[in-house]
file entry09.txt (compact mmCIF, C-alpha atoms and all ligand atoms)
# COMPACT_ATOMS: atom_id res chain seq x y z
CA MET W 1 36.03 92.01 51.03
CA GLN W 2 34.57 94.37 53.63
CA PRO W 3 31.36 92.33 54.17
CA ASN W 4 33.53 89.18 54.08
CA ARG W 5 31.29 87.30 51.68
CA ALA W 6 32.18 84.74 49.04
CA VAL W 7 32.12 85.86 45.41
CA ILE W 8 32.51 84.18 42.03
CA VAL W 9 34.00 86.26 39.23
CA GLU W 10 33.61 84.98 35.69
CA GLY W 11 35.86 85.37 32.66
CA ILE W 12 38.85 86.38 34.70
CA ALA W 13 41.62 84.40 33.01
CA ASN W 14 40.89 84.86 29.31
CA ASP W 15 44.18 86.57 28.53
CA TRP W 16 46.40 84.53 30.84
CA GLU W 17 49.17 82.63 29.12
CA CYS W 18 48.42 79.51 31.18
CA PHE W 19 44.73 79.67 30.22
CA ARG W 20 45.52 79.96 26.53
CA ARG W 21 48.59 77.74 26.20
CA TRP W 22 48.58 75.04 28.89
CA ILE W 23 45.35 73.57 27.57
CA ASP W 24 44.93 72.02 24.16
CA ARG W 25 41.38 73.07 23.26
CA SER W 26 41.60 71.77 19.70
CA VAL W 27 40.71 68.27 20.94
CA VAL W 28 37.45 67.04 22.46
CA PRO W 29 37.48 67.01 25.40
CA PRO W 30 40.25 69.61 25.88
CA LYS W 31 43.33 68.34 27.67
CA LEU W 32 46.48 69.53 29.36
CA ASP W 33 49.19 70.22 26.77
CA VAL W 34 51.90 68.12 28.42
CA PRO W 35 54.47 68.46 25.59
CA TYR W 36 54.17 72.27 25.82
CA LEU W 37 54.62 72.25 29.59
CA LYS W 38 57.67 69.99 29.31
CA GLN W 39 59.13 72.39 26.79
CA ILE W 40 58.75 75.55 28.89
CA LEU W 41 59.07 74.30 32.48
CA PRO W 42 62.15 72.86 34.20
CA ASN W 43 61.94 69.36 35.60
CA VAL W 44 61.96 70.57 39.22
CA PRO W 45 60.73 68.61 42.25
CA VAL W 46 57.09 69.49 42.91
CA PRO W 47 54.99 69.03 46.07
CA ILE W 48 52.40 66.27 45.87
CA ALA W 49 49.57 65.40 48.26
CA ASP W 50 48.64 61.72 48.25
CA CYS W 51 44.86 61.90 48.54
CA GLY W 52 44.77 58.20 49.33
CA LYS W 53 46.60 58.73 52.63
CA GLN W 54 45.57 60.83 55.59
CA HIS W 55 48.27 62.50 57.71
CA TYR W 56 46.76 64.16 60.79
CA ASN W 57 44.19 66.62 59.39
CA SER W 58 45.68 66.68 55.91
CA HIS W 59 47.00 64.38 53.18
CA GLU W 60 50.40 62.73 53.16
CA LYS W 61 52.98 64.80 51.24
CA LEU W 62 55.81 63.78 48.93
CA ASP W 63 57.99 65.38 46.24
CA LEU W 64 58.15 64.15 42.64
CA PRO W 65 60.02 65.43 39.59
CA LEU W 66 57.52 67.51 37.60
CA PHE W 67 57.95 65.40 34.45
CA ASP W 68 57.18 62.19 36.36
CA PHE W 69 53.95 63.75 37.60
CA LEU W 70 53.05 64.95 34.09
CA GLN W 71 53.90 61.55 32.66
CA SER W 72 51.55 59.80 35.06
CA TRP W 73 48.89 62.43 34.30
CA GLU W 74 49.19 61.73 30.57
CA THR W 75 49.71 58.00 30.47
CA GLY W 76 48.45 56.80 33.84
CA GLU W 77 45.38 54.65 34.12
CA THR W 78 42.24 56.73 33.95
CA ASN W 79 40.09 53.98 35.44
CA ASP W 80 38.43 54.60 38.77
CA SER W 81 40.85 52.46 40.75
CA PRO W 82 41.62 54.22 44.02
CA GLU W 83 44.99 52.43 43.96
CA SER W 84 46.24 54.19 40.83
CA THR W 85 48.56 57.13 41.59
CA ARG W 86 46.96 58.92 38.60
CA ASN W 87 43.86 59.16 40.76
CA ARG W 88 45.57 59.98 44.06
CA TYR W 89 48.45 62.38 43.39
CA TYR W 90 47.52 66.04 43.65
CA LEU W 91 50.22 68.60 42.74
CA LYS W 92 49.41 71.47 45.08
CA ASP W 93 50.89 74.48 46.84
CA TRP W 94 53.47 74.71 44.05
CA HIS W 95 55.38 78.02 44.10
CA LEU W 96 55.81 78.04 40.32
CA ARG W 97 55.60 81.83 40.11
CA SER W 98 58.54 82.37 42.48
CA GLU W 99 60.46 79.41 41.09
CA CYS W 100 60.22 80.86 37.56
CA PRO W 101 59.93 84.63 38.14
CA GLU W 102 60.51 85.42 34.45
CA TYR W 103 57.59 83.29 33.34
CA GLY W 104 54.50 85.54 33.46
CA PHE W 105 51.89 82.83 33.02
CA TYR W 106 49.18 84.97 34.67
CA ARG W 107 48.68 88.40 36.16
CA THR W 108 46.89 88.87 39.49
CA PRO W 109 43.37 90.17 38.73
CA PRO W 110 43.09 93.86 39.67
CA LEU W 111 40.34 93.01 42.18
CA PHE W 112 42.91 91.11 44.25
CA ALA W 113 45.89 93.42 43.81
CA SER W 114 45.72 94.96 47.29
CA ASP W 115 47.78 92.31 49.05
CA TRP W 116 50.03 93.35 51.95
CA LEU W 117 51.32 89.85 52.57
CA ASN W 118 52.78 89.11 49.13
CA GLU W 119 53.72 92.77 48.57
CA PHE W 120 55.94 92.57 51.64
CA LEU W 121 57.28 89.06 51.04
CA LEU W 122 58.14 89.63 47.37
CA GLU W 123 59.92 92.89 48.11
CA GLN W 124 61.96 91.04 50.75
CA ALA W 125 62.66 88.25 48.22
CA SER W 126 61.07 85.91 50.75
CA ASP W 127 58.75 82.92 50.46
CA ASP W 128 55.38 83.92 49.00
CA TYR W 129 51.78 82.70 49.06
CA ARG W 130 51.21 82.24 45.33
CA PHE W 131 50.45 78.73 44.17
CA VAL W 132 49.57 76.43 41.30
CA TYR W 133 47.35 73.35 41.75
CA ILE W 134 47.14 70.49 39.23
CA GLY W 135 44.70 67.81 40.33
CA PRO W 136 43.29 64.77 38.55
CA LYS W 137 39.59 64.07 38.83
CA GLY W 138 38.77 62.78 42.31
CA THR W 139 41.67 64.46 44.15
CA TRP W 140 40.59 66.86 46.83
CA THR W 141 41.60 69.25 49.60
CA ALA W 142 40.46 68.39 53.12
CA PHE W 143 38.26 70.62 55.29
CA HIS W 144 40.25 73.69 56.44
CA ALA W 145 40.44 77.46 56.79
CA ASP W 146 43.39 79.19 55.16
CA VAL W 147 46.71 80.05 56.76
CA PHE W 148 46.42 82.91 59.34
CA GLY W 149 42.72 83.09 58.40
CA SER W 150 43.81 84.86 55.21
CA TYR W 151 41.68 85.46 52.13
CA SER W 152 42.19 83.24 49.16
CA TRP W 153 41.41 83.70 45.52
CA SER W 154 41.47 80.70 43.26
CA VAL W 155 41.08 80.75 39.48
CA ASN W 156 40.36 77.61 37.49
CA ILE W 157 42.19 77.61 34.22
CA PHE W 158 40.92 74.12 33.41
CA GLY W 159 38.28 71.67 34.61
CA ARG W 160 35.80 71.94 37.43
CA LYS W 161 35.96 72.06 41.21
CA ARG W 162 33.21 71.58 43.73
CA TRP W 163 33.52 73.74 46.83
CA TYR W 164 31.74 73.47 50.15
CA LEU W 165 32.07 76.88 51.78
CA LEU W 166 30.99 77.71 55.34
CA PRO W 167 30.55 81.29 56.58
CA ALA W 168 33.04 82.06 59.38
CA GLY W 169 31.93 80.53 62.68
CA GLU W 170 29.63 77.87 61.16
CA GLU W 171 32.41 75.30 61.54
CA GLN W 172 31.93 75.40 65.32
CA LYS W 173 28.79 73.29 64.89
CA LEU W 174 31.09 70.50 63.69
CA GLN W 175 33.47 70.45 66.66
CA ASN W 176 33.73 67.23 68.62
CA SER W 177 34.06 67.09 72.41
CA LEU W 178 37.80 67.90 72.11
CA ARG W 179 36.94 70.94 69.97
CA SER W 180 38.56 69.32 66.91
CA LEU W 181 37.08 69.69 63.45
CA PRO W 182 36.49 66.85 60.99
CA PHE W 183 39.03 65.89 58.34
CA SER W 184 36.31 65.78 55.72
CA VAL W 185 32.66 66.75 55.38
CA THR W 186 29.82 65.79 53.05
CA GLU W 187 26.63 67.70 52.25
CA GLN W 188 24.88 65.18 54.47
CA THR W 189 27.13 65.69 57.52
CA LEU W 190 26.82 69.46 57.07
CA ARG W 191 23.03 69.27 56.89
CA ASP W 192 22.88 66.89 59.86
CA ALA W 193 24.75 69.46 61.97
CA SER W 194 22.45 72.29 60.72
CA VAL W 195 25.43 74.07 59.22
CA THR W 196 24.82 76.95 56.80
CA PHE W 197 26.96 76.31 53.73
CA PHE W 198 27.26 76.94 50.01
CA THR W 199 28.03 74.35 47.36
CA ILE W 200 29.71 75.95 44.39
CA GLU W 201 30.66 74.35 41.07
CA GLN W 202 33.57 76.37 39.78
CA GLU W 203 34.16 76.24 36.03
CA ALA W 204 37.25 77.12 33.99
CA GLY W 205 37.83 80.86 33.78
CA GLU W 206 36.07 81.56 37.08
CA ALA W 207 37.61 82.97 40.25
CA ILE W 208 36.36 82.19 43.72
CA PHE W 209 37.01 84.69 46.47
CA VAL W 210 37.20 82.87 49.81
CA PRO W 211 36.56 85.27 52.69
CA THR W 212 38.56 85.37 55.90
CA GLY W 213 37.90 82.48 58.26
CA TRP W 214 35.51 80.62 55.94
CA TYR W 215 36.15 76.88 56.21
CA HIS W 216 36.07 75.00 52.94
CA GLN W 217 36.61 71.64 51.29
CA VAL W 218 37.39 71.34 47.60
CA MET W 219 36.93 68.42 45.20
CA ASN W 220 38.30 68.22 41.66
CA VAL W 221 35.20 66.78 39.99
CA GLU W 222 37.12 66.77 36.70
CA ASP W 223 40.85 67.03 36.03
CA ALA W 224 41.41 70.60 37.22
CA ILE W 225 44.16 73.22 37.24
CA SER W 226 44.09 76.41 39.27
CA VAL W 227 46.15 79.37 40.35
CA ASN W 228 45.67 80.68 43.85
CA HIS W 229 46.94 83.33 46.28
CA ASN W 230 46.52 83.73 50.02
CA TRP W 231 46.70 87.25 51.35
CA PHE W 232 45.50 89.95 53.69
CA ASN W 233 45.02 93.67 53.32
CA GLY W 234 43.34 96.62 55.02
CA CYS W 235 39.96 94.86 55.02
CA ASN W 236 40.92 91.75 57.01
CA VAL W 237 44.13 92.68 58.81
CA GLY W 238 42.14 93.18 62.03
CA THR W 239 40.88 89.60 61.85
CA ILE W 240 44.37 88.28 61.16
CA TRP W 241 45.59 90.13 64.25
CA CYS W 242 42.76 88.61 66.35
CA ASN W 243 43.67 85.15 65.05
CA LEU W 244 47.32 85.75 65.92
CA ARG W 245 46.38 86.83 69.45
CA ASP W 246 44.08 83.83 69.88
CA ALA W 247 46.88 81.53 68.70
CA MET W 248 49.18 83.24 71.22
CA ASP W 249 46.65 82.65 74.01
CA ASP W 250 46.55 78.97 73.03
CA VAL W 251 50.34 78.76 73.21
CA ARG W 252 50.46 80.43 76.64
CA ARG W 253 47.79 78.06 77.95
CA GLU W 254 49.61 75.08 76.50
CA ILE W 255 52.90 75.82 78.27
CA ASP W 256 51.47 77.61 81.28
CA ASP W 257 53.31 75.28 83.66
CA CYS W 258 56.63 76.73 82.37
CA ARG W 259 55.74 80.38 82.88
CA GLU W 260 58.38 80.82 85.61
CA MET W 261 61.20 79.88 83.25
CA ASP W 262 63.63 82.43 81.83
CA ASN W 263 62.58 83.90 78.47
CA PHE W 264 59.06 82.49 78.74
CA ASP W 265 57.65 85.25 76.53
CA GLU W 266 60.29 84.71 73.84
CA HIS W 267 59.64 81.00 74.00
CA CYS W 268 55.95 81.63 73.40
CA GLN W 269 56.82 83.54 70.22
CA VAL W 270 58.93 80.65 68.93
CA MET W 271 56.02 78.29 69.49
CA LEU W 272 53.59 80.75 67.95
CA LYS W 273 55.71 80.91 64.81
CA ALA W 274 55.88 77.10 64.65
CA SER W 275 52.14 76.59 65.10
CA PHE W 276 50.63 79.64 63.40
CA GLY W 277 53.34 80.39 60.80
CA MET W 278 53.93 83.94 62.01
CA ASP W 279 54.88 85.58 65.31
CA TYR W 280 54.28 89.09 66.71
CA THR W 281 57.52 90.42 65.20
CA ASP W 282 56.62 89.13 61.72
CA PHE W 283 53.18 90.69 61.91
CA LEU W 284 54.35 94.05 63.16
CA THR W 285 57.18 94.12 60.61
CA ILE W 286 54.67 93.72 57.77
CA LEU W 287 52.42 96.41 59.23
CA LEU W 288 55.24 98.92 59.64
CA TYR W 289 56.64 98.17 56.20
CA VAL W 290 53.26 98.71 54.55
CA CYS W 291 52.72 101.88 56.56
CA ASP W 292 56.17 103.38 55.82
CA LYS W 293 55.80 102.79 52.10
CA ARG W 294 52.44 104.51 51.96
CA LEU W 295 53.49 107.36 54.22
CA ALA W 296 56.55 108.03 52.06
CA SER W 297 54.37 108.25 48.96
CA LEU W 298 51.96 110.71 50.60
CA LYS W 299 54.91 112.84 51.57
CA GLY W 300 55.87 113.08 47.92
CA GLY W 301 57.89 109.92 47.51
CA GLY W 302 56.20 108.60 44.37
CA VAL W 303 53.67 105.84 43.77
CA VAL W 304 52.97 102.79 45.92
CA LYS W 305 53.67 99.69 43.85
CA GLN W 306 51.59 96.59 44.47
CA ILE W 307 52.20 93.04 43.29
CA ASP W 308 52.30 92.60 39.50
CA ASP W 309 53.06 96.33 39.08
CA TYR W 310 49.68 97.67 40.06
CA VAL W 311 49.74 101.17 41.55
CA LEU W 312 47.66 102.14 44.55
CA GLY W 313 45.29 105.12 44.24
CA LYS W 314 45.60 107.92 46.79
CA LYS W 315 42.36 107.10 48.63
CA HIS W 316 43.46 103.52 48.94
CA VAL W 317 46.79 104.68 50.37
CA MET W 318 44.88 106.72 52.97
CA PHE W 319 42.59 103.79 53.75
CA ASP W 320 45.58 101.51 54.39
CA ILE W 321 47.28 104.05 56.64
CA VAL W 322 44.15 104.79 58.66
CA THR W 323 43.55 101.06 59.13
CA ILE W 324 47.07 100.60 60.46
CA ARG W 325 46.76 103.65 62.72
CA GLU W 326 43.56 102.26 64.27
CA LEU W 327 45.06 98.82 64.76
CA LEU W 328 48.27 100.14 66.34
CA SER W 329 46.50 102.52 68.69
CA GLU W 330 44.18 99.77 69.92
CA THR W 331 47.10 97.40 70.38
CA ILE W 332 49.05 99.94 72.38
CA GLU W 333 46.05 101.07 74.45
CA LYS W 334 45.09 97.52 75.35
CA GLY W 335 48.70 96.62 76.15
CA TYR W 336 48.90 93.65 73.79
CA PHE W 337 52.65 94.16 73.37
CA ASN W 338 53.31 94.75 77.07
CA SER W 339 55.45 91.62 77.37
CA TYR W 340 57.49 92.80 74.38
CA PRO W 341 58.79 96.32 75.11
CA GLU W 342 60.85 96.51 71.90
CA LEU W 343 57.82 95.75 69.74
CA ASN W 344 55.72 98.16 71.72
CA ALA W 345 58.31 100.89 71.18
CA LEU W 346 58.23 100.27 67.41
CA ALA W 347 54.45 100.49 67.37
CA VAL W 348 54.46 103.69 69.47
CA ASN W 349 57.09 105.22 67.21
CA CYS W 350 55.07 104.45 64.07
CA LEU W 351 51.94 105.91 65.59
CA HIS W 352 53.86 109.01 66.58
CA GLN W 353 55.11 109.40 63.00
CA LEU W 354 51.57 109.11 61.67
CA ARG W 355 50.25 111.69 64.11
CA SER W 356 53.05 114.15 63.46
CA SER W 357 53.06 113.65 59.68
CA GLY W 358 50.95 116.76 59.11
CA LEU W 359 48.58 114.67 57.00
CA SER W 360 44.89 114.95 57.81
CA LEU W 361 44.23 111.24 58.09
O1 LIG W 401 41.71 73.84 45.00
C1 LIG W 401 41.94 73.23 46.04
O2 LIG W 401 42.12 72.01 46.07
C2 LIG W 401 42.05 73.98 47.34
C3 LIG W 401 42.02 75.45 47.18
C4 LIG W 401 41.95 76.16 48.49
O3 LIG W 401 41.84 75.60 49.54
C5 LIG W 401 42.03 77.63 48.47
O4 LIG W 401 42.16 78.25 47.39
O5 LIG W 401 41.96 78.23 49.56
FE FE W 402 41.99 76.95 51.22

call {"tool": "encode", "arguments": {"input": "entry09.txt", "output": "structure tokens", "more": "lines below"}}
Ligand SMILES: O=C(O)CCC(=O)C(=O)O
Ligand SMILES: [Fe+2]
result
Amino acid sequence: MQPNRAVIVEGIANDWECFRRWIDRSVVPPKLDVPYLKQILPNVPVPIADCGKQHYNSHEKLDLPLFDFLQSWETGETNDSPESTRNRYYLKDWHLRSECPEYGFYRTPPLFASDWLNEFLLEQASDDYRFVYIGPKGTWTAFHADVFGSYSWSVNIFGRKRWYLLPAGEEQKLQNSLRSLPFSVTEQTLRDASVTFFTIEQEAGEAIFVPTGWYHQVMNVEDAISVNHNWFNGCNVGTIWCNLRDAMDDVRREIDDCREMDNFDEHCQVMLKASFGMDYTDFLTILLYVCDKRLASLKGGGVVKQIDDYVLGKKHVMFDIVTIRELLSETIEKGYFNSYPELNALAVNCLHQLRSSGLSL
């Protein structure tokens, strides 16, 4: 995570319930055990991307009852017709874990347990960034970088995906004159633009770690099922903060002609939240929450629980706190919260607590 490089980890899902039970491996080739899934999962509406239809820089979205999707998966035409919904409908970004909190169908791999985003959101009983993807052969995810510029890990429990992964910044070679990026790329278009990229074939049981800011496009080259999280932690929180500030600069530029209006700065935050998914208050709230929890534990308040009941070691606790201290002091020094005195006061107060904690950080 520190060098921000992509990694593949093998054999990561062997003891996951979904790896062992969702797939019927007694048949050749193995297939999704639809009767089992229908038995254990409720027939809830699930989010579907229609890979046959483009909507801005993504695919058109719809909701379907889970069992309808599974039915079409099982009985739908498996010919190559691009018309068939079996070939177009991609169940993705499904919050199965939060929809069925009792159903422990996987446990976050320990490598990815340091996750401030989901730690905070789950403890607030708020929306999380933990997803399930079920995609027939040929469905795909368009060229993108992840929300906030977060990390992603993605584990295949079935099938194979082909990833094109670009180190952060390489995507700039693909910008058009309006600075927009393409909806989709091919190896040829990447080579033509002299882009450095990796092509990775991800097999069942393998995790891919997608670093911060790395653009990617993903193709299900066979029927494929995966579990994925987006997150940030002490290694990339600085980059997330830079992305948030850049997004804020974009907003200010966009509505610069209104800067004389009342509440201009508050208005910018509303737009930031709408476009980026998070505003300054959200970001600072996560930071202070993470910091308080760790500080309390160092002062004798017990262990720091992570997602899926992992416990943070003491050095890791220190690392997180020091990272937050550095980030807050830079933010205050450079006056990034100057238009938001209440936020600035919260940041100053937290920094003061850290400095007067008596801990040698
Ligand atoms: O598997 C896919 O279709 C997309 C996954 C992805 O974009 C991610 O894990 O960040
Ligand atoms: Fe992604």

call {"tool": "atom_distance", "arguments": {"input": "entry09.txt", "atom1": "CA of Gln172 (chain W)", "atom2": "CA of Leu244 (chain W)"}}
result
18.6 Å

call {"tool": "atom_distance", "arguments": {"input": "entry09.txt", "atom1": "CA of Val34 (chain W)", "atom2": "CA of Leu66 (chain W)"}}
result
10.8 Å

call {"tool": "closest_atom_pairs", "arguments": {"input": "entry09.txt", "of": "region 117-167 of chain W", "to": "region 94-110 of chain W", "cutoff": "10 Å", "atoms": "only C-alpha atoms", "output": "JSON lines"}}
result
{"residue": "W:Leu122", "atom": "CA", "partner": "W:Ser98", "partner_atom": "CA", "distance": 8.8}
{"residue": "W:Ala125", "atom": "CA", "partner": "W:Ser98", "partner_atom": "CA", "distance": 9.2}
{"residue": "W:Ser126", "atom": "CA", "partner": "W:Ser98", "partner_atom": "CA", "distance": 9.3}
{"residue": "W:Asp127", "atom": "CA", "partner": "W:Ser98", "partner_atom": "CA", "distance": 8.0}
{"residue": "W:Asp128", "atom": "CA", "partner": "W:Ser98", "partner_atom": "CA", "distance": 7.4}
{"residue": "W:Tyr129", "atom": "CA", "partner": "W:His95", "partner_atom": "CA", "distance": 7.7}
{"residue": "W:Arg130", "atom": "CA", "partner": "W:His95", "partner_atom": "CA", "distance": 6.1}
{"residue": "W:Phe131", "atom": "CA", "partner": "W:His95", "partner_atom": "CA", "distance": 5.0}
{"residue": "W:Val132", "atom": "CA", "partner": "W:Trp94", "partner_atom": "CA", "distance": 5.1}
{"residue": "W:Tyr133", "atom": "CA", "partner": "W:Trp94", "partner_atom": "CA", "distance": 6.7}
{"residue": "W:Ile134", "atom": "CA", "partner": "W:Trp94", "partner_atom": "CA", "distance": 9.0}
{"residue": "W:Trp153", "atom": "CA", "partner": "W:Pro109", "partner_atom": "CA", "distance": 9.6}
{"residue": "W:Val155", "atom": "CA", "partner": "W:Pro109", "partner_atom": "CA", "distance": 9.7}

call {"tool": "residues_near_ligand", "arguments": {"input": "entry09.txt", "ligand": "ligand FE 402 (chain W)", "cutoff": "10 Å", "atoms": "all atoms listed in the file", "output": "PDB file with C-alpha atoms, in the frame of the given file"}}
result
ATOM      1  CA  THR W 141      41.600  69.250  49.600  1.00  0.00           C
ATOM      2  CA  ALA W 142      40.460  68.390  53.120  1.00  0.00           C
ATOM      3  CA  PHE W 143      38.260  70.620  55.290  1.00  0.00           C
ATOM      4  CA  HIS W 144      40.250  73.690  56.440  1.00  0.00           C
ATOM      5  CA  ALA W 145      40.440  77.460  56.790  1.00  0.00           C
ATOM      6  CA  ASP W 146      43.390  79.190  55.160  1.00  0.00           C
ATOM      7  CA  VAL W 147      46.710  80.050  56.760  1.00  0.00           C
ATOM      8  CA  GLY W 149      42.720  83.090  58.400  1.00  0.00           C
ATOM      9  CA  SER W 150      43.810  84.860  55.210  1.00  0.00           C
ATOM     10  CA  TYR W 151      41.680  85.460  52.130  1.00  0.00           C
ATOM     11  CA  SER W 152      42.190  83.240  49.160  1.00  0.00           C
ATOM     12  CA  TRP W 153      41.410  83.700  45.520  1.00  0.00           C
ATOM     13  CA  SER W 154      41.470  80.700  43.260  1.00  0.00           C
ATOM     14  CA  LEU W 165      32.070  76.880  51.780  1.00  0.00           C
ATOM     15  CA  VAL W 210      37.200  82.870  49.810  1.00  0.00           C
ATOM     16  CA  GLY W 213      37.900  82.480  58.260  1.00  0.00           C
ATOM     17  CA  TRP W 214      35.510  80.620  55.940  1.00  0.00           C
ATOM     18  CA  TYR W 215      36.150  76.880  56.210  1.00  0.00           C
ATOM     19  CA  HIS W 216      36.070  75.000  52.940  1.00  0.00           C
ATOM     20  CA  GLN W 217      36.610  71.640  51.290  1.00  0.00           C
ATOM     21  CA  VAL W 218      37.390  71.340  47.600  1.00  0.00           C
ATOM     22  CA  ASN W 228      45.670  80.680  43.850  1.00  0.00           C
ATOM     23  CA  HIS W 229      46.940  83.330  46.280  1.00  0.00           C
ATOM     24  CA  ASN W 230      46.520  83.730  50.020  1.00  0.00           C
TER      25      ASN W 230
END

call {"tool": "atom_distance", "arguments": {"input": "entry09.txt", "atom1": "CA of Glu222 (chain W)", "atom2": "CA of Trp73 (chain W)"}}
result
12.8 Å

call {"tool": "residues_around", "arguments": {"input": "entry09.txt", "residues": "Asp223 (chain W)", "least_positions_apart": "6", "cutoff": "9 Å", "atoms": "only C-alpha atoms", "output": "number ranges by chain"}}
result
W: 31, 134-139, 158-161

call {"tool": "closest_residue", "arguments": {"input": "entry09.txt", "among": "W:Glu326, W:Asp63, W:Glu170, W:Asp93", "to": "ligand LIG 401 (chain W)", "atoms": "only C-alpha atoms and all ligand atoms"}}
result
W:Asp93

call {"tool": "closest_residue", "arguments": {"input": "entry09.txt", "among": "W:Asn236, W:Gln2, W:Ser177, W:Gln202", "to": "ligand LIG 401 (chain W)", "atoms": "all atoms listed in the file"}}
result
W:Gln202

call {"tool": "closest_residue", "arguments": {"input": "entry09.txt", "among": "W:Met278, W:Asn176, W:Pro65, W:Thr323", "to": "Leu354 (chain W)", "atoms": "only C-alpha atoms"}}
result
W:Thr323

call {"tool": "residues_around", "arguments": {"input": "entry09.txt", "residues": "Ile12 (chain W)", "least_positions_apart": "6", "cutoff": "7 Å", "atoms": "only C-alpha atoms", "output": "PyMOL selection string"}}
result
chain W and resi 205-207

call {"tool": "closest_residue", "arguments": {"input": "entry09.txt", "among": "W:Gln71, W:Gln353, W:Thr212, W:Gln124", "to": "ligand LIG 401 (chain W)", "atoms": "all atoms listed in the file"}}
result
W:Thr212

call {"tool": "residues_around", "arguments": {"input": "entry09.txt", "residues": "Tyr36 (chain W)", "least_positions_apart": "6", "cutoff": "10 Å", "atoms": "all atoms listed in the file", "output": "ChimeraX atom specification"}}
result
/W:21-24

call {"tool": "closest_residue", "arguments": {"input": "entry09.txt", "among": "W:Leu288, W:Ile255, W:Ala49, W:Val348", "to": "ligand LIG 401 (chain W)", "atoms": "all atoms listed in the file"}}
result
W:Ala49

call {"tool": "decode", "arguments": {"input": "entry09.txt", "residues": "region 132-164 of chain W", "atoms": "C-alpha atoms", "output": "short mmCIF file (atom, residue, chain, number, x, y, z; two decimals), in the first residue's frame"}}
result
data_model
loop_
_atom_site.label_atom_id
_atom_site.label_comp_id
_atom_site.auth_asym_id
_atom_site.auth_seq_id
_atom_site.Cartn_x
_atom_site.Cartn_y
_atom_site.Cartn_z
CA VAL W 132 -20.74 -8.36 -4.52
CA TYR W 133 -20.46 -8.62 -8.32
CA ILE W 134 -22.09 -11.38 -10.40
CA GLY W 135 -21.34 -11.01 -14.10
CA PRO W 136 -21.97 -13.29 -17.05
CA LYS W 137 -19.20 -13.78 -19.58
CA GLY W 138 -18.80 -10.65 -21.70
CA THR W 139 -20.14 -8.15 -19.13
CA TRP W 140 -17.65 -5.52 -18.13
CA THR W 141 -16.92 -2.40 -16.09
CA ALA W 142 -16.02 0.74 -18.02
CA PHE W 143 -12.74 2.65 -17.64
CA HIS W 144 -12.66 4.43 -14.25
CA ALA W 145 -10.77 5.15 -11.04
CA ASP W 146 -12.52 4.27 -7.78
CA VAL W 147 -14.66 6.54 -5.66
CA PHE W 148 -12.62 9.27 -3.85
CA GLY W 149 -9.52 7.66 -5.41
CA SER W 150 -9.86 4.92 -2.81
CA TYR W 151 -8.10 1.56 -2.84
CA SER W 152 -10.04 -1.45 -3.92
CA TRP W 153 -9.55 -5.11 -3.30
CA SER W 154 -11.46 -7.59 -5.39
CA VAL W 155 -11.53 -11.35 -4.87
CA ASN W 156 -12.82 -13.72 -7.54
CA ILE W 157 -14.72 -16.57 -6.03
CA PHE W 158 -15.60 -17.92 -9.48
CA GLY W 159 -14.55 -17.47 -13.09
CA ARG W 160 -12.00 -15.16 -14.62
CA LYS W 161 -11.65 -11.41 -15.11
CA ARG W 162 -9.30 -9.51 -17.36
CA TRP W 163 -8.06 -6.23 -15.92
CA TYR W 164 -6.34 -3.34 -17.65
#
